[in-house]
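Step one of this worksheet: look at the structure below.
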Amino acid sequence: MYGSASQTEMSFAMVFNFALTQGKYKGSSFCLLGRNPIFTNPRELAIVGGTGAFRFSRGYAILKTYYMDMQTGANTIVEYDVYIRHY
């Protein structure tokens, strides 16, 4: 889910839920939240919790945009480096 977060630049207030479907953390998820100025590389979003193995987790994700189709805005490649502390 996202909404506009600026009147002067392309920036969104974003909430992401990442669900893991394979491996050691299958069935768990974590949530990213924050302001995402999409033309700034790199940028950071906070990890504010999760489910399963990531319950009460905290951390951050570093985002880097590698490609964006400026004509349609539909095709974008973003790398997420995620650092999570969980209990």
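Lettering and numbering for the structure tokens are positional, with chains as A, B, ... in the shown order, residues counted from 1 in each chain, and ligands counted from 1 in the shown order.
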
Practice prompt. Show which residues sit within 12 Å of Arg55 of chain A, as JSON, numbers by chain. Count only C-alpha atoms, and ignore same-chain residues fewer than 5 positions away.
Written response: {"A": [25, 27, 28, 29, 30, 31, 47, 48, 49, 50, 84, 85, 86, 87]}

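Closest approach to Thr65 of chain A from the set A:Ala46, A:Met1, A:Ile38, A:Met10 is made by A:Ile38, with distances taken over only C-alpha atoms.
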
Item to complete: Grab the atom CA of Leu20 of chain A to atom CA of Asn75 of chain A distance for me, in Å with one decimal place.
Response: 22.8 Å

Fill in: 9 Å contact set for Glu79 of chain A, only C-alpha atoms, chain neighbours under 3 positions out, as a PyMOL selection string
chain A and resi 62-66

Worksheet item: Which of these, A:Ala19, A:Ala5, A:Ile77, A:Met14, has the shortest distance to Thr51 of chain A once you count only C-alpha atoms?
Response: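 Going through A:Ala19, A:Ala5, A:Ile77, A:Met14 one by one, the smallest distance to Thr51 of chain A is for A:Ala19.
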
Item to complete: Just the residues within 12 Å of Glu9 of chain A, please, counting only C-alpha atoms, with nothing from its chain fewer than 6 positions along; format it as number ranges by chain.
Response: A: 35-40

May I have the selected residues written with N, CA and C atoms, as an mmCIF file, in the first residue's frame?
data_model
loop_
_atom_site.group_PDB
_atom_site.id
_atom_site.type_symbol
_atom_site.label_atom_id
_atom_site.label_comp_id
_atom_site.auth_asym_id
_atom_site.auth_seq_id
_atom_site.Cartn_x
_atom_site.Cartn_y
_atom_site.Cartn_z
ATOM 1 N N ARG A 35 8.954 6.374 4.382
ATOM 2 C CA ARG A 35 8.924 7.288 3.250
ATOM 3 C C ARG A 35 9.925 6.797 2.217
ATOM 4 N N ASN A 36 9.479 6.725 0.967
ATOM 5 C CA ASN A 36 10.302 6.173 -0.105
ATOM 6 C C ASN A 36 10.461 7.196 -1.228
ATOM 7 N N PRO A 37 11.548 8.012 -1.179
ATOM 8 C CA PRO A 37 11.816 8.945 -2.273
ATOM 9 C C PRO A 37 12.445 8.166 -3.442
ATOM 10 N N ILE A 38 11.648 7.779 -4.415
ATOM 11 C CA ILE A 38 12.038 6.743 -5.368
ATOM 12 C C ILE A 38 13.217 7.084 -6.272
ATOM 13 N N PHE A 39 13.587 8.365 -6.403
ATOM 14 C CA PHE A 39 14.738 8.713 -7.236
ATOM 15 C C PHE A 39 16.016 8.887 -6.418
ATOM 16 N N THR A 40 15.967 8.600 -5.131
ATOM 17 C CA THR A 40 17.141 8.664 -4.271
ATOM 18 C C THR A 40 17.732 7.263 -4.150
#
